[in-house]
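Structure first, then comments.
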Amino acid sequence: MRTQVVIVGGGPSGMLLGQLLFRQGIETVVLERRSKAHVLSRIRAGILESGFCRLMREAGVGERMDREGFVHEGTVISRNDDEFGIDFRALTGETVLVYGQTEVTRDLYAAREATGGAIVHGVEGVQIHGADSDRPHVTYVLDGTEHRIDCDVIAGCDGFHGITRQTIPGTVRREYEKVYPFGWLGILSETPPVHDELIYASSDRGFALCSMRNAHLSRYYVQCPLADRPEDWSDAAFWTELKSRIPARHAEALVTGPSIEKSIAPLRSFVSEPMRWGRLFLCGDAAHIVPPTGAKGLNTAASDVHYLYHGLVAHFRDGESEGLDRYSETALARVWKAERFSWSMTTLLHHFPDQTAFDLRIQAAELDYLASSRAAQEALAQNYVGLPY
């Protein structure tokens, strides 16, 4: 088999790239090791930057997102019982959209299936060959039989644990990582959200986040020790802890109910450089991870897709190489800004085990400054709604 672009990974970044390229007449094959049902069952973030929304529309898959997504014009930040708002629209002219990653992926799968685009599920043993040559190819095993795809370009959209990043030699690849000493315990519940906007809560007991998926489905998180397990937390214990970390008036209004999903996510910052090696280009979690505090994970993957998509169109349609040649440099410049923002939000709002009394007072002063400074709020809002591509 031969195609122009092999996309390794059938998550949202791989599927978005494939749909955008399809609309430009560029052939792709998507390889995914999991089943479609498994991919669509993943519970992930759901805050989309305006740039991501524009890419979805450009890919022709924005109709349901625009109809069902919840526009958010700001957010609430609290410290114990004190709170203040950040007005995104007033400060930047932009908003964000709450629309679950599962729904994004569902829309992208429906579009690819409608166009007959090739996607192979259940692949094993994917290997990349000749990425540093003019004739790369990919092999994989399906149902015990090895297959080969010759191609011009390989897009690595297979996540942090995928094989594409490992294909880049260790002598070329440099990795940067910060692991945070806590996790997020999250639950999904069929209850109305406690507030129209997200609440980022810093308290003497630790961080909490009140989010939502829609008017009847809420997503809540509390900071927890890494040693904890989801089964260590009953629903009652979770709700009690959440109420203790958010302002009293919101705690009193909180509607509780049985959790329909409960999990603990560790937090890390990670970047692998470069994001290109020959004909292999990394996208999203394959190249970088951010803590979820700044809502940048999926959105940073989308900016990678934007740069790679435009580079590939210029390459195949116009014979221009500059976009691909500069892909790693351009993508990483935005990635590191997203890493900085995610790190700063995490540092601002969480409790760290080794914090001193001085550290805690500095953290409180930072929040006080943010509450009283339009300039500080504008900087936060610009980063939250998404820096320009």
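Every chain in the structure tokens has a letter given in the order shown (A, B, ...), and although residue numbers restart at 1 in each chain, ligands are simply numbered from 1 in the order shown.
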
What are the nearest atom pairs, with distances in Å to one decimal, for all residues of segment 134-231 of chain A that come at most 9 Å from segment 28-32 of chain A, using only C-alpha atoms, set out by chain and rising residue number as a tab-separated table?
```
residue	atom	partner	partner_atom	distance
A:Tyr140	CA	A:Leu31	CA	8.8
A:Ile149	CA	A:Val29	CA	8.8
A:Asp158	CA	A:Glu32	CA	8.0
```

Those residues you just picked out, can you put them in a file as a PDB file, in the first residue's frame with C-alpha atoms?
```pdb
ATOM      1  CA  TYR A 140       2.518  -3.021  11.434  1.00  0.00           C
ATOM      2  CA  ILE A 149       2.723   1.280   3.886  1.00  0.00           C
ATOM      3  CA  ASP A 158       0.312   8.436  19.143  1.00  0.00           C
TER       4      ASP A 158
END
```

As an mmCIF file with C-alpha atoms, in the first residue's frame, please: every residue in segment 22-139 of chain A that DSSP puts in alpha helix (DSSP H).
```cif
data_model
loop_
_atom_site.group_PDB
_atom_site.id
_atom_site.type_symbol
_atom_site.label_atom_id
_atom_site.label_comp_id
_atom_site.auth_asym_id
_atom_site.auth_seq_id
_atom_site.Cartn_x
_atom_site.Cartn_y
_atom_site.Cartn_z
ATOM 1 C CA PHE A 22 -8.546 15.208 3.180
ATOM 2 C CA LYS A 36 -12.898 2.722 17.991
ATOM 3 C CA ALA A 37 -15.049 2.010 21.049
ATOM 4 C CA HIS A 38 -12.027 2.368 23.329
ATOM 5 C CA VAL A 39 -10.932 5.641 21.746
ATOM 6 C CA LEU A 40 -14.411 7.098 22.085
ATOM 7 C CA SER A 41 -14.701 6.000 25.727
ATOM 8 C CA SER A 50 -10.951 29.798 19.767
ATOM 9 C CA GLY A 51 -8.123 28.674 17.464
ATOM 10 C CA PHE A 52 -9.069 25.031 17.974
ATOM 11 C CA CYS A 53 -12.694 25.843 17.176
ATOM 12 C CA ARG A 54 -11.644 27.543 13.937
ATOM 13 C CA LEU A 55 -9.644 24.449 12.938
ATOM 14 C CA MET A 56 -12.691 22.230 13.564
ATOM 15 C CA ARG A 57 -14.789 24.460 11.331
ATOM 16 C CA GLU A 58 -12.101 24.480 8.657
ATOM 17 C CA GLU A 63 -21.528 22.137 13.252
ATOM 18 C CA ARG A 64 -22.405 20.069 16.341
ATOM 19 C CA MET A 65 -19.646 21.746 18.357
ATOM 20 C CA ASP A 66 -21.114 25.176 17.604
ATOM 21 C CA ARG A 67 -24.632 23.973 18.341
ATOM 22 C CA GLU A 68 -24.009 22.075 21.583
ATOM 23 C CA PHE A 88 -12.024 36.825 28.862
ATOM 24 C CA ARG A 89 -14.229 38.676 26.401
ATOM 25 C CA ALA A 90 -13.692 42.087 27.983
ATOM 26 C CA LEU A 91 -9.938 41.549 28.323
ATOM 27 C CA THR A 92 -9.174 39.872 24.983
ATOM 28 C CA GLN A 101 -12.848 15.809 23.894
ATOM 29 C CA THR A 102 -14.920 12.642 23.487
ATOM 30 C CA GLU A 103 -17.407 14.632 21.413
ATOM 31 C CA VAL A 104 -14.610 16.192 19.346
ATOM 32 C CA THR A 105 -13.273 12.725 18.567
ATOM 33 C CA ARG A 106 -16.748 11.397 17.823
ATOM 34 C CA ASP A 107 -17.336 14.179 15.278
ATOM 35 C CA LEU A 108 -13.963 13.530 13.629
ATOM 36 C CA TYR A 109 -14.617 9.784 13.383
ATOM 37 C CA ALA A 110 -18.024 10.380 11.835
ATOM 38 C CA ALA A 111 -16.495 12.707 9.236
ATOM 39 C CA ARG A 112 -13.722 10.265 8.311
ATOM 40 C CA GLU A 113 -16.119 7.361 7.999
ATOM 41 C CA ALA A 114 -18.461 9.459 5.839
ATOM 42 C CA THR A 115 -15.623 10.161 3.393
#
```

Select, from A:Glu73, A:Asp87, A:Val61, A:Ala302, the residue with the minimum atom-to-atom distance to Gly11 of chain A, counting only C-alpha atoms.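 Nearest to Gly11 of chain A: A:Ala302.
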
Give me every strand (DSSP E or B) residue in segment 11-99 of chain A, going by DSSP on the backbone, as a ChimeraX atom specification. /A:28-32,47-48,70-72,74-79,82-87,96-98

Just the selected residues (N, CA and C atoms), exported as a PDB file, in the first residue's frame, please.
```pdb
ATOM      1  N   THR A  28      -4.274  10.112   3.228  1.00  0.00           N
ATOM      2  CA  THR A  28      -3.746   9.694   4.526  1.00  0.00           C
ATOM      3  C   THR A  28      -4.273   8.314   4.884  1.00  0.00           C
ATOM      4  N   VAL A  29      -3.504   7.612   5.695  1.00  0.00           N
ATOM      5  CA  VAL A  29      -3.956   6.388   6.365  1.00  0.00           C
ATOM      6  C   VAL A  29      -3.684   6.577   7.852  1.00  0.00           C
ATOM      7  N   VAL A  30      -4.684   6.308   8.684  1.00  0.00           N
ATOM      8  CA  VAL A  30      -4.547   6.424  10.139  1.00  0.00           C
ATOM      9  C   VAL A  30      -4.391   5.031  10.727  1.00  0.00           C
ATOM     10  N   LEU A  31      -3.384   4.858  11.564  1.00  0.00           N
ATOM     11  CA  LEU A  31      -3.155   3.600  12.279  1.00  0.00           C
ATOM     12  C   LEU A  31      -3.433   3.810  13.764  1.00  0.00           C
ATOM     13  N   GLU A  32      -4.268   2.975  14.344  1.00  0.00           N
ATOM     14  CA  GLU A  32      -4.644   3.103  15.756  1.00  0.00           C
ATOM     15  C   GLU A  32      -4.615   1.721  16.412  1.00  0.00           C
ATOM     16  N   ILE A  47     -12.170  21.945  27.247  1.00  0.00           N
ATOM     17  CA  ILE A  47     -12.124  23.392  27.056  1.00  0.00           C
ATOM     18  C   ILE A  47     -11.342  23.681  25.788  1.00  0.00           C
ATOM     19  N   LEU A  48     -12.005  24.273  24.806  1.00  0.00           N
ATOM     20  CA  LEU A  48     -11.402  24.496  23.496  1.00  0.00           C
ATOM     21  C   LEU A  48     -11.103  25.972  23.284  1.00  0.00           C
ATOM     22  N   PHE A  70     -20.707  24.998  25.017  1.00  0.00           N
ATOM     23  CA  PHE A  70     -21.042  26.085  25.928  1.00  0.00           C
ATOM     24  C   PHE A  70     -19.967  27.165  25.846  1.00  0.00           C
ATOM     25  N   VAL A  71     -20.346  28.345  25.374  1.00  0.00           N
ATOM     26  CA  VAL A  71     -19.399  29.456  25.316  1.00  0.00           C
ATOM     27  C   VAL A  71     -19.125  29.956  26.729  1.00  0.00           C
ATOM     28  N   HIS A  72     -17.841  30.099  27.067  1.00  0.00           N
ATOM     29  CA  HIS A  72     -17.457  30.639  28.372  1.00  0.00           C
ATOM     30  C   HIS A  72     -16.689  31.940  28.168  1.00  0.00           C
ATOM     31  N   GLY A  74     -15.447  33.770  30.648  1.00  0.00           N
ATOM     32  CA  GLY A  74     -14.514  34.055  31.727  1.00  0.00           C
ATOM     33  C   GLY A  74     -14.387  32.881  32.655  1.00  0.00           C
ATOM     34  N   THR A  75     -13.732  33.107  33.780  1.00  0.00           N
ATOM     35  CA  THR A  75     -13.597  32.072  34.792  1.00  0.00           C
ATOM     36  C   THR A  75     -13.559  32.731  36.159  1.00  0.00           C
ATOM     37  N   VAL A  76     -13.769  31.924  37.195  1.00  0.00           N
ATOM     38  CA  VAL A  76     -13.729  32.391  38.582  1.00  0.00           C
ATOM     39  C   VAL A  76     -12.505  31.790  39.254  1.00  0.00           C
ATOM     40  N   ILE A  77     -11.770  32.604  40.003  1.00  0.00           N
ATOM     41  CA  ILE A  77     -10.634  32.131  40.793  1.00  0.00           C
ATOM     42  C   ILE A  77     -10.914  32.474  42.248  1.00  0.00           C
ATOM     43  N   SER A  78     -10.720  31.499  43.114  1.00  0.00           N
ATOM     44  CA  SER A  78     -11.023  31.737  44.534  1.00  0.00           C
ATOM     45  C   SER A  78      -9.835  31.355  45.400  1.00  0.00           C
ATOM     46  N   ARG A  79      -9.798  31.983  46.580  1.00  0.00           N
ATOM     47  CA  ARG A  79      -8.842  31.643  47.627  1.00  0.00           C
ATOM     48  C   ARG A  79      -9.636  31.557  48.920  1.00  0.00           C
ATOM     49  N   ASP A  82     -12.767  33.956  49.431  1.00  0.00           N
ATOM     50  CA  ASP A  82     -12.653  35.120  48.554  1.00  0.00           C
ATOM     51  C   ASP A  82     -12.593  34.659  47.091  1.00  0.00           C
ATOM     52  N   GLU A  83     -13.237  35.401  46.209  1.00  0.00           N
ATOM     53  CA  GLU A  83     -13.231  35.034  44.798  1.00  0.00           C
ATOM     54  C   GLU A  83     -13.280  36.280  43.919  1.00  0.00           C
ATOM     55  N   PHE A  84     -12.828  36.115  42.692  1.00  0.00           N
ATOM     56  CA  PHE A  84     -12.908  37.184  41.700  1.00  0.00           C
ATOM     57  C   PHE A  84     -13.014  36.556  40.318  1.00  0.00           C
ATOM     58  N   GLY A  85     -13.491  37.340  39.373  1.00  0.00           N
ATOM     59  CA  GLY A  85     -13.683  36.832  38.023  1.00  0.00           C
ATOM     60  C   GLY A  85     -12.632  37.362  37.056  1.00  0.00           C
ATOM     61  N   ILE A  86     -12.341  36.578  36.026  1.00  0.00           N
ATOM     62  CA  ILE A  86     -11.503  36.992  34.909  1.00  0.00           C
ATOM     63  C   ILE A  86     -12.402  37.004  33.681  1.00  0.00           C
ATOM     64  N   ASP A  87     -12.649  38.189  33.110  1.00  0.00           N
ATOM     65  CA  ASP A  87     -13.571  38.350  31.987  1.00  0.00           C
ATOM     66  C   ASP A  87     -12.788  38.237  30.679  1.00  0.00           C
ATOM     67  N   VAL A  96     -13.726  30.943  25.286  1.00  0.00           N
ATOM     68  CA  VAL A  96     -13.424  29.527  25.101  1.00  0.00           C
ATOM     69  C   VAL A  96     -14.743  28.777  25.015  1.00  0.00           C
ATOM     70  N   LEU A  97     -14.657  27.521  24.563  1.00  0.00           N
ATOM     71  CA  LEU A  97     -15.851  26.708  24.396  1.00  0.00           C
ATOM     72  C   LEU A  97     -15.696  25.431  25.201  1.00  0.00           C
ATOM     73  N   VAL A  98     -16.703  25.099  25.993  1.00  0.00           N
ATOM     74  CA  VAL A  98     -16.722  23.823  26.702  1.00  0.00           C
ATOM     75  C   VAL A  98     -17.427  22.802  25.814  1.00  0.00           C
TER      76      VAL A  98
END
```

Show me, as a PDB file with N, CA and C atoms, in the first residue's frame, the residues that have an atom within 12 Å of Trp233 of chain A when counting only C-alpha atoms, minus same-chain residues fewer than 5 positions from it.
```pdb
ATOM      1  N   LEU A 185      -7.759  14.032  41.567  1.00  0.00           N
ATOM      2  CA  LEU A 185      -8.855  13.078  41.641  1.00  0.00           C
ATOM      3  C   LEU A 185     -10.066  13.725  40.989  1.00  0.00           C
ATOM      4  N   GLY A 186     -10.570  13.114  39.927  1.00  0.00           N
ATOM      5  CA  GLY A 186     -11.694  13.687  39.200  1.00  0.00           C
ATOM      6  C   GLY A 186     -12.888  12.767  39.191  1.00  0.00           C
ATOM      7  N   ILE A 187     -14.081  13.346  39.252  1.00  0.00           N
ATOM      8  CA  ILE A 187     -15.302  12.563  39.084  1.00  0.00           C
ATOM      9  C   ILE A 187     -16.201  13.235  38.054  1.00  0.00           C
ATOM     10  N   VAL A 222     -10.278  17.402  42.769  1.00  0.00           N
ATOM     11  CA  VAL A 222      -9.569  17.870  43.954  1.00  0.00           C
ATOM     12  C   VAL A 222      -8.130  17.368  43.875  1.00  0.00           C
ATOM     13  N   CYS A 224      -4.897  15.649  45.163  1.00  0.00           N
ATOM     14  CA  CYS A 224      -4.757  14.538  46.100  1.00  0.00           C
ATOM     15  C   CYS A 224      -3.329  14.005  46.058  1.00  0.00           C
ATOM     16  N   PRO A 225      -2.902  13.268  47.076  1.00  0.00           N
ATOM     17  CA  PRO A 225      -1.570  12.657  47.053  1.00  0.00           C
ATOM     18  C   PRO A 225      -1.449  11.638  45.923  1.00  0.00           C
ATOM     19  N   ASP A 228      -2.671   8.031  46.499  1.00  0.00           N
ATOM     20  CA  ASP A 228      -4.093   7.693  46.588  1.00  0.00           C
ATOM     21  C   ASP A 228      -4.540   6.888  45.371  1.00  0.00           C
ATOM     22  N   PHE A 238     -15.503  12.485  48.640  1.00  0.00           N
ATOM     23  CA  PHE A 238     -15.126  13.452  47.602  1.00  0.00           C
ATOM     24  C   PHE A 238     -15.942  14.733  47.738  1.00  0.00           C
ATOM     25  N   TRP A 239     -17.266  14.597  47.842  1.00  0.00           N
ATOM     26  CA  TRP A 239     -18.113  15.791  47.908  1.00  0.00           C
ATOM     27  C   TRP A 239     -17.792  16.623  49.153  1.00  0.00           C
ATOM     28  N   THR A 240     -17.520  15.967  50.249  1.00  0.00           N
ATOM     29  CA  THR A 240     -17.168  16.695  51.474  1.00  0.00           C
ATOM     30  C   THR A 240     -15.884  17.481  51.278  1.00  0.00           C
ATOM     31  N   GLU A 241     -14.899  16.849  50.655  1.00  0.00           N
ATOM     32  CA  GLU A 241     -13.619  17.521  50.433  1.00  0.00           C
ATOM     33  C   GLU A 241     -13.761  18.672  49.447  1.00  0.00           C
ATOM     34  N   LEU A 242     -14.512  18.464  48.381  1.00  0.00           N
ATOM     35  CA  LEU A 242     -14.714  19.539  47.404  1.00  0.00           C
ATOM     36  C   LEU A 242     -15.378  20.744  48.060  1.00  0.00           C
ATOM     37  N   SER A 259     -21.159   9.279  41.377  1.00  0.00           N
ATOM     38  CA  SER A 259     -20.188   9.462  40.305  1.00  0.00           C
ATOM     39  C   SER A 259     -20.404   8.395  39.239  1.00  0.00           C
ATOM     40  N   LYS A 262     -14.647   7.886  37.887  1.00  0.00           N
ATOM     41  CA  LYS A 262     -13.759   8.402  38.918  1.00  0.00           C
ATOM     42  C   LYS A 262     -12.342   7.947  38.590  1.00  0.00           C
ATOM     43  N   SER A 263     -11.397   8.888  38.587  1.00  0.00           N
ATOM     44  CA  SER A 263     -10.025   8.529  38.229  1.00  0.00           C
ATOM     45  C   SER A 263      -9.062   9.528  38.847  1.00  0.00           C
ATOM     46  N   ILE A 264      -7.788   9.136  38.912  1.00  0.00           N
ATOM     47  CA  ILE A 264      -6.737  10.026  39.392  1.00  0.00           C
ATOM     48  C   ILE A 264      -5.710  10.197  38.285  1.00  0.00           C
TER      49      ILE A 264
END
```

List as a count of residues only the protein and nucleic acid residues near Tyr389 of chain A, meaning an atom at most 12 Å away when only C-alpha atoms are counted, but skip any in the same chain fewer than 6 places from it. 25

Would you list the contacts of Gly125 of chain A as a ChimeraX atom specification, taking every protein, DNA or RNA residue within 12 Å and counting only C-alpha atoms, but skipping same-chain residues closer than 5 positions in sequence? /A:8,31-33,138-148,162-164

Next, the residues of the selection above should be written as a tab-separated table (two decimals), in the first residue's frame with C-alpha atoms.
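Produced file again_26.tsv, reproduced below:
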```
chain	number	residue	atom	x	y	z
A	8	VAL	CA	0.14	7.02	13.69
A	31	LEU	CA	-3.15	3.60	12.28
A	32	GLU	CA	-4.64	3.10	15.76
A	33	ARG	CA	-3.77	0.31	18.18
A	138	VAL	CA	5.70	2.02	8.14
A	139	THR	CA	5.10	-1.62	9.04
A	140	TYR	CA	2.52	-3.02	11.43
A	141	VAL	CA	0.90	-6.32	12.38
A	142	LEU	CA	-2.84	-6.86	12.09
A	143	ASP	CA	-4.45	-10.21	12.95
A	144	GLY	CA	-1.04	-11.87	12.86
A	145	THR	CA	-0.09	-10.58	9.40
A	146	GLU	CA	2.54	-7.91	8.77
A	147	HIS	CA	1.62	-5.02	6.51
A	148	ARG	CA	3.69	-2.25	4.93
A	162	GLY	CA	3.60	5.85	21.64
A	163	ILE	CA	6.47	4.64	19.48
A	164	THR	CA	6.99	7.59	17.17
```

Using only C-alpha atoms, what does the table of segment 272-315 of chain A residues within 8 Å of segment 153-157 of chain A look like, with each row giving the shortest atom pair and its distance in Å to one decimal, sorted by chain and ascending number, as CSV?
```
residue,atom,partner,partner_atom,distance
A:Arg279,CA,A:Val153,CA,5.0
A:Leu280,CA,A:Ile154,CA,4.8
A:Phe281,CA,A:Ala155,CA,4.9
A:Leu282,CA,A:Gly156,CA,4.5
A:Cys283,CA,A:Cys157,CA,5.1
A:Gly284,CA,A:Cys157,CA,6.3
A:Asp285,CA,A:Cys157,CA,7.3
A:Ala286,CA,A:Cys157,CA,6.0
```

Taking C-alpha atoms for each residue, export the selection above as a PDB file, in the first residue's frame.
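Written out: selection-v4.pdb:
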```pdb
ATOM      1  CA  ARG A 279      10.125  12.783   7.324  1.00  0.00           C
ATOM      2  CA  LEU A 280       8.750  12.122  10.825  1.00  0.00           C
ATOM      3  CA  PHE A 281       6.783  14.917  12.549  1.00  0.00           C
ATOM      4  CA  LEU A 282       5.490  14.686  16.133  1.00  0.00           C
ATOM      5  CA  CYS A 283       2.151  16.181  17.194  1.00  0.00           C
ATOM      6  CA  GLY A 284       0.520  16.635  20.582  1.00  0.00           C
ATOM      7  CA  ASP A 285       1.245  14.337  23.516  1.00  0.00           C
ATOM      8  CA  ALA A 286       3.848  12.452  21.487  1.00  0.00           C
TER       9      ALA A 286
END
```
